[in-house]
Amino acid sequence: MHIAGARMLRDDDSFDRHLPGGIQVMASVHFTPLAVARHAARLLAPAPGARVLDVGSGVGKFCLAAAAEVPGSRFIGVECRGHLVRVANHLAGDLALANVEFIHADALDLDWSGYDAFYFFNPFGEQLFDEVFVLDRTIALHPRNFVAYITRVRSRLAGARIGTRVVTYHGLGAPPPFGFELARSDRIGTDVVELWVKTRAYDQMGCW
Ligand SMILES: C[S@@+](CC[C@H](N)C(=O)[O-])C[C@H]1O[C@@H](n2cnc3c(N)ncnc32)[C@H](O)[C@@H]1O
């Protein structure tokens with residue numbers, strides 16, 4: 001990592017200073033604190049070689065901090081707002097990290113079968129937010145979208161492999177998906193990070 005890059009990940013204020021002004025003012029509400037990102041990265045990738053998907057990666061803060069913390073695993077962010085993906089790619093270039101990438105797509109349009117672990121910072125919560133807390137109006141926001149997304153995520157994770165890891169910060173917006181058990185709930189300052197692990201299979205008929 002470049003020396004300038006190391007400075008970017010020194011603390012949250014240093015990271016935020018690298019963001020465009022309009023995004024900077026919302027950063028503390030929408031992007032994972034660095035201490036939480038580093039802890040979550042270790043929970044998601046306890047052994048080298050893991051592929052971790054950040055569902056709704058924003059400006060890439062979680063993935064960038066995670067990739068620097070756990071160089072032996074790969075962190076992929078999927079984000080539906082193109083301008084945030086451009087910022088994330090720019091920052092990844094500044095940090096010169098080889099184990100991170102960003103995809104511009106709706107997270108549910110992606111095939112999730114190639115991932116060992118998933119990170120969620122309540123990515124669909126914005127659908128329920130008051131106008132003043134939304135990042136911007138470049139995506140459609142409506143409470144009915146929240147229900148639709150959460151339902152699809154829970155069904156997607158219900159079909160994940162045994163051993164799949166999910167870490168949530170401020171939750172997923174719903175109870176743990178079918179077949180997942182809460183393995184840890186850790187406090188990082190005032191923040192809570194939960195690790196869920198898939199322990200039971202779920203067949204198409206809904207039987208365990
Ligand atoms: C709370 S922010 C978290 C950002 C990042 N994961 C972090 O922790 O720093 C949630 C992000 O999810 C994105 N998002 C919301 N719905 C999405 C979807 N359907 N597909 C991809 N990204 C989505 C939003 O644009 C926003 O950038």
# chains A, B, ... in the order shown; residues from 1 in each chain; ligands from 1
$ residues_near_ligand --ligand "ligand 1" --cutoff "6 Å" --atoms "only C-alpha atoms and all ligand atoms" --output "PyMOL selection string"
chain A and resi 30-32+54+56-58+60-62+78-81+105-107+121-124
$ select_by_dssp --residues "segment 10-166 of chain A" --states "helix (DSSP H, G or I)" --output "PDB file with C-alpha atoms, in the first residue's frame"
ATOM      1  CA  ASP A  12     -12.449   7.912   9.762  1.00  0.00           C
ATOM      2  CA  ASP A  13     -11.849  11.648   9.324  1.00  0.00           C
ATOM      3  CA  SER A  14      -8.796  10.963   7.118  1.00  0.00           C
ATOM      4  CA  PHE A  15     -10.860   8.596   4.963  1.00  0.00           C
ATOM      5  CA  ASP A  16     -13.750  11.042   4.666  1.00  0.00           C
ATOM      6  CA  GLY A  21     -17.808  17.199  -0.678  1.00  0.00           C
ATOM      7  CA  GLY A  22     -21.441  16.215  -1.264  1.00  0.00           C
ATOM      8  CA  ILE A  23     -20.777  12.646  -0.145  1.00  0.00           C
ATOM      9  CA  GLN A  24     -18.497  13.652   2.743  1.00  0.00           C
ATOM     10  CA  ALA A  27     -20.291   9.655   5.299  1.00  0.00           C
ATOM     11  CA  SER A  28     -20.656   9.010   9.040  1.00  0.00           C
ATOM     12  CA  VAL A  29     -24.299   7.934   8.550  1.00  0.00           C
ATOM     13  CA  HIS A  30     -23.827   5.687   5.520  1.00  0.00           C
ATOM     14  CA  LEU A  34     -12.850   1.725  10.046  1.00  0.00           C
ATOM     15  CA  ALA A  35     -12.619  -0.116  13.398  1.00  0.00           C
ATOM     16  CA  VAL A  36     -15.857  -1.958  12.606  1.00  0.00           C
ATOM     17  CA  ALA A  37     -14.679  -2.754   9.056  1.00  0.00           C
ATOM     18  CA  ARG A  38     -11.417  -4.281  10.299  1.00  0.00           C
ATOM     19  CA  HIS A  39     -13.170  -6.409  12.924  1.00  0.00           C
ATOM     20  CA  ALA A  40     -15.836  -7.526  10.448  1.00  0.00           C
ATOM     21  CA  ALA A  41     -13.144  -8.444   7.899  1.00  0.00           C
ATOM     22  CA  ARG A  42     -11.477 -10.822  10.350  1.00  0.00           C
ATOM     23  CA  LEU A  43     -14.820 -12.461  11.179  1.00  0.00           C
ATOM     24  CA  LEU A  44     -15.722 -12.856   7.499  1.00  0.00           C
ATOM     25  CA  LYS A  61     -15.004   1.985   2.708  1.00  0.00           C
ATOM     26  CA  PHE A  62     -15.655  -1.495   4.139  1.00  0.00           C
ATOM     27  CA  CYS A  63     -13.967  -3.334   1.244  1.00  0.00           C
ATOM     28  CA  LEU A  64     -10.904  -1.064   1.203  1.00  0.00           C
ATOM     29  CA  ALA A  65     -10.299  -1.284   4.956  1.00  0.00           C
ATOM     30  CA  ALA A  66     -10.997  -5.050   4.889  1.00  0.00           C
ATOM     31  CA  ALA A  67      -8.642  -5.687   1.959  1.00  0.00           C
ATOM     32  CA  ALA A  68      -5.835  -3.831   3.753  1.00  0.00           C
ATOM     33  CA  GLU A  69      -6.551  -5.712   7.004  1.00  0.00           C
ATOM     34  CA  GLY A  82     -22.519   4.382 -10.412  1.00  0.00           C
ATOM     35  CA  HIS A  83     -20.991   7.590  -9.031  1.00  0.00           C
ATOM     36  CA  LEU A  84     -20.145   5.799  -5.759  1.00  0.00           C
ATOM     37  CA  VAL A  85     -18.501   2.930  -7.676  1.00  0.00           C
ATOM     38  CA  ARG A  86     -16.342   5.492  -9.498  1.00  0.00           C
ATOM     39  CA  VAL A  87     -15.211   6.955  -6.141  1.00  0.00           C
ATOM     40  CA  ALA A  88     -14.495   3.441  -4.806  1.00  0.00           C
ATOM     41  CA  ASN A  89     -12.391   2.526  -7.851  1.00  0.00           C
ATOM     42  CA  HIS A  90     -10.479   5.791  -7.569  1.00  0.00           C
ATOM     43  CA  LEU A  91      -9.690   5.152  -3.879  1.00  0.00           C
ATOM     44  CA  ALA A  92      -8.700   1.529  -4.622  1.00  0.00           C
ATOM     45  CA  GLY A  93      -6.203   2.897  -7.168  1.00  0.00           C
ATOM     46  CA  ASP A  94      -4.786   5.318  -4.581  1.00  0.00           C
ATOM     47  CA  LEU A  95      -4.384   2.480  -2.078  1.00  0.00           C
ATOM     48  CA  ALA A 107     -26.830  -6.611  -5.789  1.00  0.00           C
ATOM     49  CA  LEU A 108     -29.697  -8.987  -6.544  1.00  0.00           C
ATOM     50  CA  ASP A 109     -28.745  -9.139 -10.231  1.00  0.00           C
ATOM     51  CA  GLY A 125     -32.578   0.648   5.203  1.00  0.00           C
ATOM     52  CA  GLU A 126     -32.428   3.823   3.120  1.00  0.00           C
ATOM     53  CA  GLN A 127     -35.708   2.729   1.500  1.00  0.00           C
ATOM     54  CA  LEU A 128     -37.361   3.522   4.865  1.00  0.00           C
ATOM     55  CA  GLU A 131     -35.695  12.379   3.173  1.00  0.00           C
ATOM     56  CA  VAL A 132     -32.949  14.185   5.164  1.00  0.00           C
ATOM     57  CA  PHE A 133     -30.995  10.968   5.763  1.00  0.00           C
ATOM     58  CA  PRO A 143     -40.777   1.291   1.692  1.00  0.00           C
ATOM     59  CA  ARG A 144     -42.222  -1.453  -0.519  1.00  0.00           C
ATOM     60  CA  ASN A 145     -38.750  -1.859  -2.112  1.00  0.00           C
ATOM     61  CA  PHE A 146     -37.333  -2.593   1.358  1.00  0.00           C
ATOM     62  CA  VAL A 147     -39.682  -5.550   1.829  1.00  0.00           C
ATOM     63  CA  ALA A 148     -38.997  -6.841  -1.689  1.00  0.00           C
ATOM     64  CA  TYR A 149     -35.194  -6.665  -1.288  1.00  0.00           C
ATOM     65  CA  ILE A 150     -35.104  -8.192   2.188  1.00  0.00           C
ATOM     66  CA  THR A 151     -37.349 -11.058   1.090  1.00  0.00           C
ATOM     67  CA  ARG A 152     -35.040 -11.799  -1.854  1.00  0.00           C
ATOM     68  CA  VAL A 153     -31.871 -11.567   0.266  1.00  0.00           C
ATOM     69  CA  ARG A 154     -33.266 -13.964   2.877  1.00  0.00           C
ATOM     70  CA  SER A 155     -34.268 -16.429   0.193  1.00  0.00           C
ATOM     71  CA  ARG A 156     -30.859 -16.098  -1.539  1.00  0.00           C
ATOM     72  CA  LEU A 157     -28.985 -16.750   1.731  1.00  0.00           C
ATOM     73  CA  ALA A 158     -31.276 -19.646   2.626  1.00  0.00           C
TER      74      ALA A 158
END
$ residues_around --residues "segment 72-76 of chain A" --least-positions-apart "6" --cutoff "7 Å" --atoms "only C-alpha atoms" --output "PyMOL selection string"
chain A and resi 45+48-54+63+99-102
$ atom_distance --atom1 "atom CA of Asp116 of chain A" --atom2 "atom CA of Val197 of chain A"
10.6 Å
$ closest_residue --among "A:Asp136, A:Asp130, A:Asp11, A:Glu194" --to "Phe180 of chain A" --atoms "only C-alpha atoms"
A:Glu194
